[in-house]
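Data block below; observations after.
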Amino acid sequence: MLLLLGAFTVLPLVFPWLVARLGPRAFYAAAALPIAAFVQAALLTPAVMAGDIPFEAFDWIPPLGIELSMRMDTLSWLMALIVTGVGALVMIYCRWYFRATSEGLGQFSAVLLAFAGAMYGLVLTDDLVMLVMFWEVTSVLSYLLIGYYHRRAASRRAALQALLVTTLGGLVMLIGVVLLVVDAGTSSISTILAQAPTGHVVDAALVLLLVGALSKSAIFPFHFWLPGAMAAPTPVSAYLHAAAMVKAGIYLIARFAPVFAIAPTWRPIVIGLGVFTILLGGFQALRETDLKRILAFGTVSQLGLLAVVLGFGTRDAALAGLGLLLSHALFKSALFLVVGVIDRQLSTRDIGAISGVGRQAPVLATFSMIAVASMVGIIPTIGFVGKEGAIAALLHEALGGSPWGIVALAGVVLGSILTAAYGIRFIWGAFWTKRDAAGSRLPRTEWPDPPIGFLGAPVILAALTVVAGFAAPLLDAAFAPYADEAPLAAPGVTPPLHPAHLELWHGLEPALWISLGTIAVGALVFWLTARTTLTKRLLPFTAAEVYNAALRGIAQLSVLTTSLTQRGSLPVYVGTIFVVFVAAEGTALIAGGGWTVQVDAYQTPIQLFVAPIMIAAGLIAVRARKRYTGVVLVSVTGLGMVLLFATSGAPDLALTQILVETVTLVAFALVLRRIPARLGEHNASVRPVARALLGAGVGLTMAVVALVATGARTARPISDRWPELAYELGHGRNVVNVALVDLRGWDTMGELSVLIVAATGVASLVFVTHRADTLSDLTAPLPTTAVRARRPLVETSDGVKSRHEAPGVRRTAWLVGGPRVRPENRSIILEVIVRILFHSIIIVSLYLLFAGHNLPGGGFAGGLVAGMALVMRYIAGGRYELGAAAPTDAGRLLGAGMAIAIACAITPVFFGAAPLTSAFFDADLPIIGHIEFVTSTLFDVGVYLVVIGLVLDVLRSLGAEVDRQALEPRDSASSPQGVSR
């Protein structure tokens, strides 16, 4: 099972490539994996029926007790068969549904197969936390599937609506999962059900779980997203909204009902909302004229029916509920696929535009009637078996005096009447010959015969409803282990003398007569409503209108909040942060009390020299009137920290600090070119006294926090053992570097992500029209190595050898971008220095990279040094020189670095180790001698590339792109050479 889940994760990645070569025929390959999963589940049937439950587990997060576990009991077995079996048929159907187009099918097939895998994991996992993860994955993938026709506004709105509703329910459910897991002490579903915890916390958790289940299965008040999702292609509707996604909530209800239905909050929610959904969906189905929307609201009604029967929580109801669950998956998938055939052949689903199709398509009409017969509950289909069993189970509860049994029975009976009515309406609308108001027959709609393969999936699914009906005794034996987990009757109701069984014929019992009566009354309802248009609402508003009103309210609240808090003033933002900091920390310091402050005059004499300079620079920076002057003065404090680090035994930190200060100063200098040179030129500083007081308060608060924190330690710090741990665990003597790439690698992974986001954000602000990084293309017109040859040595007439320019050969330039720099900005001395030092600096950066595990350096410091080399090339030769120095996209460096870091994180998992576990190799080589290598060095290479990519992205956005935006128009107007600076 875990192997199949892994295949569902990996194989979708190849389908965009496969569809590009095979077209829609690639869906045959997509169906192979669900078929394999279906066959495996079928082969495990004897073990499941015997109670020998297959179970596989892999420790995912051991400290939290979270496992990637797969457990196939009766309920999971049935759901796995439905998800994989129907999924395989739908994918085969897609080959014919999309036979006329291949646009977007690569992504569609990949997402559809991945969705099948997510559902497969959801119904089989035994870990509640993993169930939530699969739950949210299905929501995201369903968003992509529903929005397949992304050029249509209706599809985009429907996809977003489904995503918001189901994701909101999933987030609420997550809170319930946390409460239940904490209360039970385990995330194992089987263990929680075995413990059957009770209490107020459990009751609250169940309510939150039900919110997630009801939203996923489109139960009122979340029902409105499902009809809107009919904007999706019909195969999506047949799979997601009949057999898979909407069944997730029903599955969750069925999973917990046998144990938790006795909870005081369970039946009022499940039965009450379920019955209302039955009636609301059934009534609305009679109002619709679109075949697909008739089925959509019918699905809403039947999902309410499934929630009521499976959520009632008694043994006989659970048994009948599984029959209804199987029946609904078969007949509703078949009917949706039938609508897909009609839509593809006639280009319409409006029952008013279709007439006389049944005689022209007898096979399609016959099997559609079989599917509707199962939906209505007509013998010998599995729908009849499940419906009769449900009525019998609820009738016993109602006669036994159960109030919720009475409500459930009434809802099921009324819902069955409506089901019969809209089921007949569907057949009439799709295949019957219509008449006009005068009673004359409407012209026959011409029916082009579809390919035989197009009919395969709906015919098979409809036929299976009859096969399953005759196989009811076998299904009874298979479903009994699940049903036996539930109590025989609700509290206060006498248990039945004999447990119920799924059979095709129980005799002339009351449930049979009630079932037949619902069909007869339903036919009467259809006859009364066939030629009338129902316009009256059950409610004065619709749930969709409430949803849209809520979205408008959120948007208006966002605008109001933004207008109050986002004033466009940086001093206001920073001042607010500082005020909150002083107030929060000051309150904590005052309320804490009992301070123990340890203050030394100094640790090293250099502090007496550096500290006054840093303080003076800070005070002078406040009085600076030019921005660049202020930036330089602020950098003095950073450089002072370099001296403090260096003299305190932290050369690694000193190296990193000076590099960061240098790069930051360069970035500030690039930014300052586009803003006024003098402070307050456009917006003068206001309230200087208030600013001074706030600044003093922040400084004083931070000083007190530092004093209190340093004196609060009572135990020996773990940092005393870090040098020893760094060598024992990370096989390195540079504590800082080992901590970054080994002991605290996850923190570094997060920091790399932040760097990438920062680089992307800076670039997005500067690149106005597009993000394409084409700076290296500018190097095309620059002189090549051959052109930049030295002048030949020529002997003159007097015998003296000297160098002269050969015809057609340009003079040598120290940098290829140098001739493109404006003369007033060009410095030959700078070009010479950069030409001499660039490669040496790159070598130094590589040395710092590989030496950093034992000596000062590492990927971060090495990347900054390499970045400084690029800064030198840019300053000396402009944007053309930068393109020549780094002829690649900065995004590629960022992506490559992050990919290497991720690979280092996940590779150990395949060898049974924890993520980011490093391996150590050493060997004695001839000549070279003893060498040592730690795999965390590869992680450091990723850091190195990300830092270089960050610096390059800053240079190309704040430097080269700003140059282009400011100077290119003037260049093109003044000179054909187009110098850049």
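Please note that chains go A, B, ... in the order of the structure tokens, that every chain numbers its residues from 1, and that ligands are numbered from 1 in the order shown.
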Please tabulate, as JSON lines, the residues of segment 349-403 of chain A that come within 12 Å of segment 329-336 of chain A, each with its closest pair of atoms and the distance in Å to one decimal, counting only C-alpha atoms and ordering rows by chain, then residue number upward.
```
{"residue": "A:Arg349", "atom": "CA", "partner": "A:Phe336", "partner_atom": "CA", "distance": 11.4}
{"residue": "A:Leu364", "atom": "CA", "partner": "A:Leu335", "partner_atom": "CA", "distance": 10.1}
{"residue": "A:Ala365", "atom": "CA", "partner": "A:Leu335", "partner_atom": "CA", "distance": 10.5}
{"residue": "A:Thr366", "atom": "CA", "partner": "A:Leu335", "partner_atom": "CA", "distance": 11.7}
{"residue": "A:Phe367", "atom": "CA", "partner": "A:Ala334", "partner_atom": "CA", "distance": 8.6}
{"residue": "A:Ser368", "atom": "CA", "partner": "A:Leu335", "partner_atom": "CA", "distance": 6.4}
{"residue": "A:Met369", "atom": "CA", "partner": "A:Leu335", "partner_atom": "CA", "distance": 9.3}
{"residue": "A:Ile370", "atom": "CA", "partner": "A:Phe331", "partner_atom": "CA", "distance": 8.3}
{"residue": "A:Ala371", "atom": "CA", "partner": "A:Phe331", "partner_atom": "CA", "distance": 4.7}
{"residue": "A:Val372", "atom": "CA", "partner": "A:Phe331", "partner_atom": "CA", "distance": 6.9}
{"residue": "A:Ala373", "atom": "CA", "partner": "A:Phe331", "partner_atom": "CA", "distance": 8.7}
{"residue": "A:Ser374", "atom": "CA", "partner": "A:Phe331", "partner_atom": "CA", "distance": 6.5}
{"residue": "A:Met375", "atom": "CA", "partner": "A:Phe331", "partner_atom": "CA", "distance": 6.4}
{"residue": "A:Val376", "atom": "CA", "partner": "A:Phe331", "partner_atom": "CA", "distance": 10.1}
{"residue": "A:Gly377", "atom": "CA", "partner": "A:Phe331", "partner_atom": "CA", "distance": 10.9}
{"residue": "A:Thr381", "atom": "CA", "partner": "A:Phe331", "partner_atom": "CA", "distance": 9.9}
{"residue": "A:Ile382", "atom": "CA", "partner": "A:Leu330", "partner_atom": "CA", "distance": 9.5}
{"residue": "A:Gly383", "atom": "CA", "partner": "A:Phe331", "partner_atom": "CA", "distance": 8.5}
{"residue": "A:Phe384", "atom": "CA", "partner": "A:Phe331", "partner_atom": "CA", "distance": 12.0}
```
Practice task
Within segment 49-278 of chain A, find each residue whose DSSP state, derived from the backbone, is alpha helix (DSSP H), and express the selection as JSON, numbers by chain.
Solution key: {"A": [49, 74, 75, 76, 77, 78, 79, 80, 81, 82, 83, 84, 85, 86, 87, 88, 89, 90, 91, 92, 93, 94, 95, 96, 97, 105, 106, 107, 108, 109, 110, 111, 112, 113, 114, 115, 116, 117, 118, 119, 120, 121, 122, 123, 124, 128, 129, 130, 131, 132, 133, 134, 135, 136, 137, 138, 139, 140, 141, 142, 143, 144, 145, 146, 153, 154, 155, 156, 157, 158, 159, 160, 161, 162, 163, 164, 165, 166, 167, 168, 169, 170, 171, 172, 173, 174, 175, 176, 177, 178, 179, 180, 181, 182, 183, 184, 189, 190, 191, 192, 193, 194, 195, 200, 201, 202, 203, 204, 205, 206, 207, 208, 209, 210, 211, 212, 213, 214, 215, 216, 225, 226, 227, 228, 234, 235, 236, 237, 238, 239, 240, 245, 246, 247, 248, 249, 250, 251, 252, 253, 254, 255, 256, 257, 258, 259, 260, 266, 267, 268, 269, 270, 271, 272, 273, 274, 275, 276, 277, 278]}
Please produce a file of those selected residues containing C-alpha atoms, as a short mmCIF file (atom, residue, chain, number, x, y, z; two decimals), in the first residue's frame.
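Contents of again-v2.cif, freshly written:
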```
data_model
loop_
_atom_site.label_atom_id
_atom_site.label_comp_id
_atom_site.auth_asym_id
_atom_site.auth_seq_id
_atom_site.Cartn_x
_atom_site.Cartn_y
_atom_site.Cartn_z
CA MET A 49 -13.20 -10.34 5.74
CA THR A 74 -13.71 -3.07 5.97
CA LEU A 75 -14.60 0.59 5.52
CA SER A 76 -11.20 1.51 4.07
CA TRP A 77 -11.33 -1.56 1.80
CA LEU A 78 -14.67 -0.52 0.34
CA MET A 79 -13.58 3.09 -0.12
CA ALA A 80 -10.30 1.99 -1.74
CA LEU A 81 -12.22 -0.15 -4.22
CA ILE A 82 -14.53 2.75 -5.05
CA VAL A 83 -11.75 5.33 -5.36
CA THR A 84 -9.51 3.17 -7.54
CA GLY A 85 -12.17 1.32 -9.54
CA VAL A 86 -14.26 4.34 -10.46
CA GLY A 87 -11.09 6.35 -10.92
CA ALA A 88 -9.72 3.88 -13.47
CA LEU A 89 -12.97 3.89 -15.46
CA VAL A 90 -13.15 7.68 -15.42
CA MET A 91 -9.59 7.95 -16.74
CA ILE A 92 -10.41 5.55 -19.57
CA TYR A 93 -13.51 7.63 -20.26
CA CYS A 94 -11.29 10.76 -20.43
CA ARG A 95 -9.52 9.30 -23.44
CA TRP A 96 -12.79 9.66 -25.40
CA TYR A 97 -14.14 12.75 -23.67
CA LEU A 105 -4.37 17.64 -20.84
CA GLY A 106 -0.85 17.09 -19.55
CA GLN A 107 -1.50 19.01 -16.37
CA PHE A 108 -5.07 17.72 -16.14
CA SER A 109 -4.05 14.05 -16.33
CA ALA A 110 -1.26 14.57 -13.80
CA VAL A 111 -3.56 16.35 -11.34
CA LEU A 112 -6.34 13.79 -11.78
CA LEU A 113 -3.96 10.89 -11.09
CA ALA A 114 -2.45 12.73 -8.13
CA PHE A 115 -5.96 13.35 -6.78
CA ALA A 116 -6.70 9.62 -7.01
CA GLY A 117 -3.54 9.01 -5.00
CA ALA A 118 -4.51 11.59 -2.38
CA MET A 119 -7.93 9.96 -1.97
CA TYR A 120 -6.29 6.53 -1.81
CA GLY A 121 -4.09 7.74 1.04
CA LEU A 122 -6.97 9.52 2.77
CA VAL A 123 -9.20 6.44 3.02
CA LEU A 124 -6.38 4.10 4.05
CA LEU A 128 -5.41 11.35 12.00
CA VAL A 129 -2.78 14.00 11.27
CA MET A 130 -1.93 12.36 7.96
CA LEU A 131 -5.64 12.23 7.17
CA VAL A 132 -5.78 16.02 7.54
CA MET A 133 -2.83 16.39 5.19
CA PHE A 134 -4.43 14.18 2.54
CA TRP A 135 -7.66 16.08 3.13
CA GLU A 136 -6.08 19.41 2.26
CA VAL A 137 -4.22 17.95 -0.70
CA THR A 138 -7.53 16.82 -2.20
CA SER A 139 -8.89 20.35 -1.72
CA VAL A 140 -5.99 21.91 -3.61
CA LEU A 141 -6.05 19.33 -6.40
CA SER A 142 -9.83 19.62 -6.76
CA TYR A 143 -9.36 23.38 -7.18
CA LEU A 144 -7.10 22.72 -10.16
CA LEU A 145 -9.49 20.16 -11.64
CA ILE A 146 -12.63 22.25 -11.24
CA ALA A 153 -14.71 33.21 -15.36
CA ALA A 154 -17.41 30.80 -14.14
CA SER A 155 -14.86 27.98 -13.83
CA ARG A 156 -12.43 30.16 -11.92
CA ARG A 157 -15.14 31.34 -9.54
CA ALA A 158 -16.42 27.80 -8.97
CA ALA A 159 -12.93 26.47 -8.31
CA LEU A 160 -12.15 29.26 -5.84
CA GLN A 161 -15.50 28.79 -4.10
CA ALA A 162 -14.92 25.05 -3.66
CA LEU A 163 -11.39 25.70 -2.40
CA LEU A 164 -12.39 28.35 0.13
CA VAL A 165 -15.31 26.35 1.54
CA THR A 166 -13.53 23.01 1.83
CA THR A 167 -10.28 24.55 3.05
CA LEU A 168 -12.09 26.55 5.71
CA GLY A 169 -13.80 23.36 6.87
CA GLY A 170 -10.43 21.60 6.83
CA LEU A 171 -8.85 24.25 9.03
CA VAL A 172 -11.68 23.96 11.53
CA MET A 173 -11.29 20.19 11.43
CA LEU A 174 -7.56 20.55 12.10
CA ILE A 175 -8.34 22.23 15.41
CA GLY A 176 -10.63 19.34 16.28
CA VAL A 177 -7.93 16.86 15.35
CA VAL A 178 -5.44 18.60 17.63
CA LEU A 179 -7.91 18.54 20.54
CA LEU A 180 -8.75 14.88 19.98
CA VAL A 181 -5.13 13.79 19.56
CA VAL A 182 -4.02 15.66 22.68
CA ASP A 183 -6.91 14.25 24.72
CA ALA A 184 -6.38 10.68 23.50
CA ILE A 189 -7.43 6.44 14.41
CA SER A 190 -7.84 2.78 15.36
CA THR A 191 -6.39 3.42 18.82
CA ILE A 192 -8.66 6.43 19.39
CA LEU A 193 -11.70 4.40 18.39
CA ALA A 194 -10.61 1.57 20.68
CA GLN A 195 -10.17 3.96 23.61
CA HIS A 200 -16.24 18.03 26.99
CA VAL A 201 -12.98 18.29 25.05
CA VAL A 202 -13.92 15.27 22.96
CA ASP A 203 -17.41 16.67 22.34
CA ALA A 204 -15.91 19.96 21.13
CA ALA A 205 -13.43 18.07 18.96
CA LEU A 206 -16.24 16.05 17.39
CA VAL A 207 -18.13 19.21 16.49
CA LEU A 208 -15.06 20.61 14.78
CA LEU A 209 -14.44 17.34 12.97
CA LEU A 210 -18.02 17.35 11.74
CA VAL A 211 -17.61 20.89 10.37
CA GLY A 212 -14.81 19.58 8.16
CA ALA A 213 -16.81 16.52 7.13
CA LEU A 214 -19.95 18.50 6.33
CA SER A 215 -18.05 21.08 4.27
CA LYS A 216 -16.28 18.39 2.27
CA TRP A 225 -20.21 24.78 -3.64
CA LEU A 226 -21.03 21.44 -5.26
CA PRO A 227 -23.57 22.67 -7.86
CA GLY A 228 -21.19 25.50 -8.69
CA THR A 234 -17.82 16.01 -16.70
CA PRO A 235 -15.15 13.38 -15.80
CA VAL A 236 -14.22 15.56 -12.85
CA SER A 237 -17.83 15.69 -11.72
CA ALA A 238 -18.20 11.92 -12.14
CA TYR A 239 -15.13 11.22 -10.04
CA LEU A 240 -14.81 14.01 -7.49
CA MET A 245 -13.96 13.96 -2.94
CA VAL A 246 -17.48 14.35 -1.59
CA LYS A 247 -17.21 10.86 -0.13
CA ALA A 248 -14.33 12.01 2.07
CA GLY A 249 -16.68 13.70 4.54
CA ILE A 250 -19.07 10.73 4.46
CA TYR A 251 -16.12 8.44 5.09
CA LEU A 252 -15.09 10.49 8.13
CA ILE A 253 -18.63 10.36 9.51
CA ALA A 254 -18.81 6.63 8.89
CA ARG A 255 -15.42 6.12 10.52
CA PHE A 256 -16.37 7.77 13.82
CA ALA A 257 -20.13 7.09 14.00
CA PRO A 258 -19.98 3.54 15.44
CA VAL A 259 -18.14 4.86 18.50
CA PHE A 260 -19.05 8.54 18.85
CA TRP A 266 -23.33 14.07 17.22
CA ARG A 267 -26.90 13.21 16.18
CA PRO A 268 -28.33 16.74 16.39
CA ILE A 269 -25.72 17.93 13.91
CA VAL A 270 -25.53 14.93 11.60
CA ILE A 271 -29.23 13.99 11.53
CA GLY A 272 -30.60 17.53 11.68
CA LEU A 273 -28.42 19.01 8.95
CA GLY A 274 -28.50 15.79 6.94
CA VAL A 275 -32.30 15.69 6.76
CA PHE A 276 -32.49 19.36 5.81
CA THR A 277 -29.90 18.74 3.06
CA ILE A 278 -31.94 15.80 1.74
#
```
Problem - For Ile620 of chain A: contacts at 8 Å, only C-alpha atoms, fewer than 4 positions along chain excluded, given as number ranges by chain - result: A: 616, 624, 633
I need the chosen residues saved as a PDB file, in the first residue's frame, with C-alpha atoms.
```pdb
ATOM      1  CA  ALA A 616      29.491  58.682  18.406  1.00  0.00           C
ATOM      2  CA  ALA A 624      23.091  63.668   9.180  1.00  0.00           C
ATOM      3  CA  LEU A 633      27.662  56.308   9.699  1.00  0.00           C
TER       4      LEU A 633
END
```
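Across the structure, atom CA of Arg315 of chain A and atom CA of Leu409 of chain A are spaced 15.7 Å apart.
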Exercise for the section: Tell me, in Å to one decimal, how far atom CA of Val666 of chain A is from atom CA of Gly942 of chain A. Expected result: 23.7 Å
Using only C-alpha atoms, what table do you get, as a Markdown table, when you list each residue of segment 272-348 of chain A with an atom no more than 10 Å from segment 354-357 of chain A, its nearest pair of atoms, and their distance in Å rounded to one decimal, rows by chain then rising number?
```
| residue | atom | partner | partner_atom | distance |
| --- | --- | --- | --- | --- |
| A:Ile342 | CA | A:Val357 | CA | 9.4 |
| A:Leu346 | CA | A:Ile354 | CA | 8.5 |
| A:Thr348 | CA | A:Ile354 | CA | 8.0 |
```
Practice task
Compare A:Leu643, A:Arg444, A:Val582, A:Pro717 by their minimum atom-to-atom distance to Gln657 of chain A, counting only C-alpha atoms, and give me the closest one.
Solution key: A:Leu643
Exercise for the section: Apply DSSP to the structure's backbone, then extract all residues of segment 16-201 of chain A labelled strand (DSSP E or B) and return them as a ChimeraX atom specification. Expected result: /A:55-61,66-71,125,127,188
Go ahead and write the selection's residues with C-alpha atoms as a short mmCIF file (atom, residue, chain, number, x, y, z; two decimals), in the first residue's frame.
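Output below, filename out.cif:
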```
data_model
loop_
_atom_site.label_atom_id
_atom_site.label_comp_id
_atom_site.auth_asym_id
_atom_site.auth_seq_id
_atom_site.Cartn_x
_atom_site.Cartn_y
_atom_site.Cartn_z
CA PHE A 55 -1.32 -2.70 8.05
CA GLU A 56 1.83 -0.89 6.92
CA ALA A 57 3.56 1.98 8.68
CA PHE A 58 6.56 4.23 8.32
CA ASP A 59 7.70 6.56 11.09
CA TRP A 60 7.45 10.06 9.69
CA ILE A 61 7.79 12.34 12.74
CA ILE A 66 3.05 10.64 13.57
CA GLU A 67 3.28 7.76 11.14
CA LEU A 68 2.70 7.35 7.45
CA SER A 69 0.44 4.39 8.18
CA MET A 70 -1.93 2.47 5.93
CA ARG A 71 -4.64 0.25 7.40
CA THR A 125 -4.33 6.14 6.49
CA ASP A 127 -3.03 8.48 11.35
CA SER A 188 -3.80 6.60 15.54
#
```
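For Glu503 of chain A, the non-local neighbours within 10 Å, defined as residues at least 5 positions apart in the same chain or in other chains and counting only C-alpha atoms, are Ile382, Phe384, Val385, Gly386, Glu388, Gly389, Gly469, Phe470, Ala471, Ala472, Pro473, Leu474, Leu475 and Asp476 of chain A.
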Store the residues of this selection in a file with N, CA and C atoms, as a PDB file, in the first residue's frame.
```pdb
ATOM      1  N   ILE A 382     -28.486  -2.713  -6.325  1.00  0.00           N
ATOM      2  CA  ILE A 382     -27.933  -2.554  -4.991  1.00  0.00           C
ATOM      3  C   ILE A 382     -28.554  -1.344  -4.302  1.00  0.00           C
ATOM      4  N   PHE A 384     -31.725  -0.642  -4.316  1.00  0.00           N
ATOM      5  CA  PHE A 384     -32.908  -1.170  -3.641  1.00  0.00           C
ATOM      6  C   PHE A 384     -32.521  -1.844  -2.328  1.00  0.00           C
ATOM      7  N   VAL A 385     -31.462  -2.636  -2.350  1.00  0.00           N
ATOM      8  CA  VAL A 385     -31.025  -3.346  -1.151  1.00  0.00           C
ATOM      9  C   VAL A 385     -30.673  -2.365  -0.047  1.00  0.00           C
ATOM     10  N   GLY A 386     -29.857  -1.341  -0.379  1.00  0.00           N
ATOM     11  CA  GLY A 386     -29.452  -0.375   0.636  1.00  0.00           C
ATOM     12  C   GLY A 386     -30.600   0.469   1.139  1.00  0.00           C
ATOM     13  N   GLU A 388     -33.884  -0.270   1.205  1.00  0.00           N
ATOM     14  CA  GLU A 388     -34.783  -1.048   2.042  1.00  0.00           C
ATOM     15  C   GLU A 388     -34.166  -1.298   3.419  1.00  0.00           C
ATOM     16  N   GLY A 389     -32.859  -1.592   3.432  1.00  0.00           N
ATOM     17  CA  GLY A 389     -32.191  -1.806   4.712  1.00  0.00           C
ATOM     18  C   GLY A 389     -32.182  -0.570   5.578  1.00  0.00           C
ATOM     19  N   GLY A 469     -26.463  -5.895  -6.737  1.00  0.00           N
ATOM     20  CA  GLY A 469     -27.749  -6.262  -6.143  1.00  0.00           C
ATOM     21  C   GLY A 469     -27.884  -7.762  -5.970  1.00  0.00           C
ATOM     22  N   PHE A 470     -27.544  -8.539  -6.987  1.00  0.00           N
ATOM     23  CA  PHE A 470     -27.605  -9.996  -6.876  1.00  0.00           C
ATOM     24  C   PHE A 470     -26.532 -10.549  -5.936  1.00  0.00           C
ATOM     25  N   ALA A 471     -25.423  -9.771  -5.781  1.00  0.00           N
ATOM     26  CA  ALA A 471     -24.346 -10.206  -4.878  1.00  0.00           C
ATOM     27  C   ALA A 471     -24.539  -9.685  -3.468  1.00  0.00           C
ATOM     28  N   ALA A 472     -25.765  -9.284  -3.118  1.00  0.00           N
ATOM     29  CA  ALA A 472     -26.025  -8.715  -1.793  1.00  0.00           C
ATOM     30  C   ALA A 472     -25.576  -9.622  -0.651  1.00  0.00           C
ATOM     31  N   PRO A 473     -25.815 -10.959  -0.689  1.00  0.00           N
ATOM     32  CA  PRO A 473     -25.340 -11.805   0.417  1.00  0.00           C
ATOM     33  C   PRO A 473     -23.824 -11.744   0.597  1.00  0.00           C
ATOM     34  N   LEU A 474     -23.094 -11.696  -0.512  1.00  0.00           N
ATOM     35  CA  LEU A 474     -21.635 -11.592  -0.400  1.00  0.00           C
ATOM     36  C   LEU A 474     -21.228 -10.244   0.182  1.00  0.00           C
ATOM     37  N   LEU A 475     -21.911  -9.188  -0.246  1.00  0.00           N
ATOM     38  CA  LEU A 475     -21.623  -7.875   0.313  1.00  0.00           C
ATOM     39  C   LEU A 475     -21.965  -7.823   1.795  1.00  0.00           C
ATOM     40  N   ASP A 476     -23.018  -8.511   2.196  1.00  0.00           N
ATOM     41  CA  ASP A 476     -23.394  -8.562   3.604  1.00  0.00           C
ATOM     42  C   ASP A 476     -22.267  -9.158   4.436  1.00  0.00           C
TER      43      ASP A 476
END
```
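Ranking A:Thr265, A:Ala36, A:Leu310, A:Ser187 by their shortest atom-to-atom distance to Leu64 of chain A, with only C-alpha atoms included, puts A:Ser187 first.
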